[in-house]
Amino acid sequence: FLKEMLVLASPGLSSPRGGAVSCVARLRSPKPLAQYEDPGPEHLRTVDGFLGETAETLRTVFDERFEEPRQAHPMRFCWDYWHVPSQYTLHRTQAASYFDEDAFAALTDALTAFGQRELGCRAISPPWLSFYVDGCEQRLHADVPQGPFAFVLSLTRWGERRFSGGETSLLRPETLDYWRGFDSSVGLERGDLVAEVQPLFDRLTVFDARLPHGVSRVEGERDPRGGRLVLHGWFTEPAPFSEGALTEEEVGEGLTAP
């Protein structure tokens, strides 16, 4: 009875890489089902300090390539200025071609392991690297076809920023089911309808890709090094995942034996 075993843990637990996990599942001593209250589905999870030193390595590569604005080299011309009127405005490139092989492998290994262990997803999509300067944004949308869970891994020096905006915005589940809990005696403001997640440096944000989400408009910064810098993509191929001494075939034989 999985329901007897899984409960939501309080903030402050450590991730396998030492970061603080905002909401994860853990095991606790069973108790009668009658004592359980359904906490509802988990739509959003953040992990701080996800990559550790690798995050600093990736960030340093980006800073060095934009350090001298008068210097021309291939890594300055690899960016796609993606502009869809009234929907998307940002600069993006494929992370696989931007970082060296070792740094990229460390990034994808960490994300893939997290997806398998925490989400039951066997793979990730090729991650994008994007930066946002003055005027960049993503208006509300939903990435349903790409994968069940979306991720944003921030390389933004959030504590040193000189811009406004840049938060990941998500419609709250209560907003999507608005009339079920409607109370005509209570007024609502943006914070009651939309959740905003600050892209702190080395913070992994994972959310249900079906939720309408976006990025609030960045204003006040034109230097790429001072803007919002994130890696993003999707966890894909949801399937049972196991690890240990036995192969899946050996486990299957035991489950199907008479």
# chains A, B, ... in the order shown; residues from 1 in each chain; ligands from 1

call {"tool": "select_by_dssp", "arguments": {"residues": "segment 147-224 of chain A", "states": "alpha helix (DSSP H)", "output": "MDAnalysis selection string"}}
result
chainID A and resid 173:176 190:193

call {"tool": "write_last_selection", "arguments": {"atoms": "N, CA, C and O atoms", "output": "PDB file, in the first residue's frame"}}
result
ATOM      1  N   PRO A 173      -2.804  25.929  -9.256  1.00  0.00           N
ATOM      2  CA  PRO A 173      -3.875  24.958  -9.525  1.00  0.00           C
ATOM      3  C   PRO A 173      -5.248  25.477  -9.122  1.00  0.00           C
ATOM      4  O   PRO A 173      -6.253  25.165  -9.774  1.00  0.00           O
ATOM      5  N   GLU A 174      -5.307  26.290  -8.054  1.00  0.00           N
ATOM      6  CA  GLU A 174      -6.593  26.849  -7.619  1.00  0.00           C
ATOM      7  C   GLU A 174      -7.162  27.790  -8.681  1.00  0.00           C
ATOM      8  O   GLU A 174      -8.382  27.915  -8.830  1.00  0.00           O
ATOM      9  N   THR A 175      -6.267  28.448  -9.427  1.00  0.00           N
ATOM     10  CA  THR A 175      -6.725  29.335 -10.497  1.00  0.00           C
ATOM     11  C   THR A 175      -7.315  28.527 -11.640  1.00  0.00           C
ATOM     12  O   THR A 175      -8.329  28.914 -12.241  1.00  0.00           O
ATOM     13  N   LEU A 176      -6.686  27.415 -11.957  1.00  0.00           N
ATOM     14  CA  LEU A 176      -7.169  26.570 -13.050  1.00  0.00           C
ATOM     15  C   LEU A 176      -8.493  25.895 -12.701  1.00  0.00           C
ATOM     16  O   LEU A 176      -9.256  25.513 -13.595  1.00  0.00           O
ATOM     17  N   ARG A 190      -2.640  39.369  -7.978  1.00  0.00           N
ATOM     18  CA  ARG A 190      -1.805  38.522  -8.823  1.00  0.00           C
ATOM     19  C   ARG A 190      -1.182  37.363  -8.049  1.00  0.00           C
ATOM     20  O   ARG A 190      -1.154  36.224  -8.523  1.00  0.00           O
ATOM     21  N   GLY A 191      -0.676  37.631  -6.849  1.00  0.00           N
ATOM     22  CA  GLY A 191      -0.030  36.585  -6.067  1.00  0.00           C
ATOM     23  C   GLY A 191      -0.959  35.461  -5.661  1.00  0.00           C
ATOM     24  O   GLY A 191      -0.504  34.361  -5.352  1.00  0.00           O
ATOM     25  N   ASP A 192      -2.263  35.730  -5.641  1.00  0.00           N
ATOM     26  CA  ASP A 192      -3.234  34.684  -5.332  1.00  0.00           C
ATOM     27  C   ASP A 192      -3.521  33.799  -6.537  1.00  0.00           C
ATOM     28  O   ASP A 192      -4.009  32.681  -6.384  1.00  0.00           O
ATOM     29  N   LEU A 193      -3.229  34.301  -7.720  1.00  0.00           N
ATOM     30  CA  LEU A 193      -3.544  33.587  -8.949  1.00  0.00           C
ATOM     31  C   LEU A 193      -2.323  32.967  -9.620  1.00  0.00           C
ATOM     32  O   LEU A 193      -2.440  31.954 -10.312  1.00  0.00           O
TER      33      LEU A 193
END

call {"tool": "closest_residue", "arguments": {"among": "A:Arg161, A:His232, A:Arg210, A:Arg122", "to": "His141 of chain A", "atoms": "only C-alpha atoms"}}
result
A:Arg210

call {"tool": "closest_residue", "arguments": {"among": "A:Asp177, A:Asp134, A:Asp63, A:Glu160", "to": "Ser216 of chain A", "atoms": "only C-alpha atoms"}}
result
A:Asp134

call {"tool": "residues_around", "arguments": {"residues": "Thr112 of chain A", "least_positions_apart": "3", "cutoff": "7 Å", "atoms": "only C-alpha atoms", "output": "list in words"}}
result
Thr108, Asp109, Gly115, Gln116, Arg122, Ala123 and Ile124 of chain A
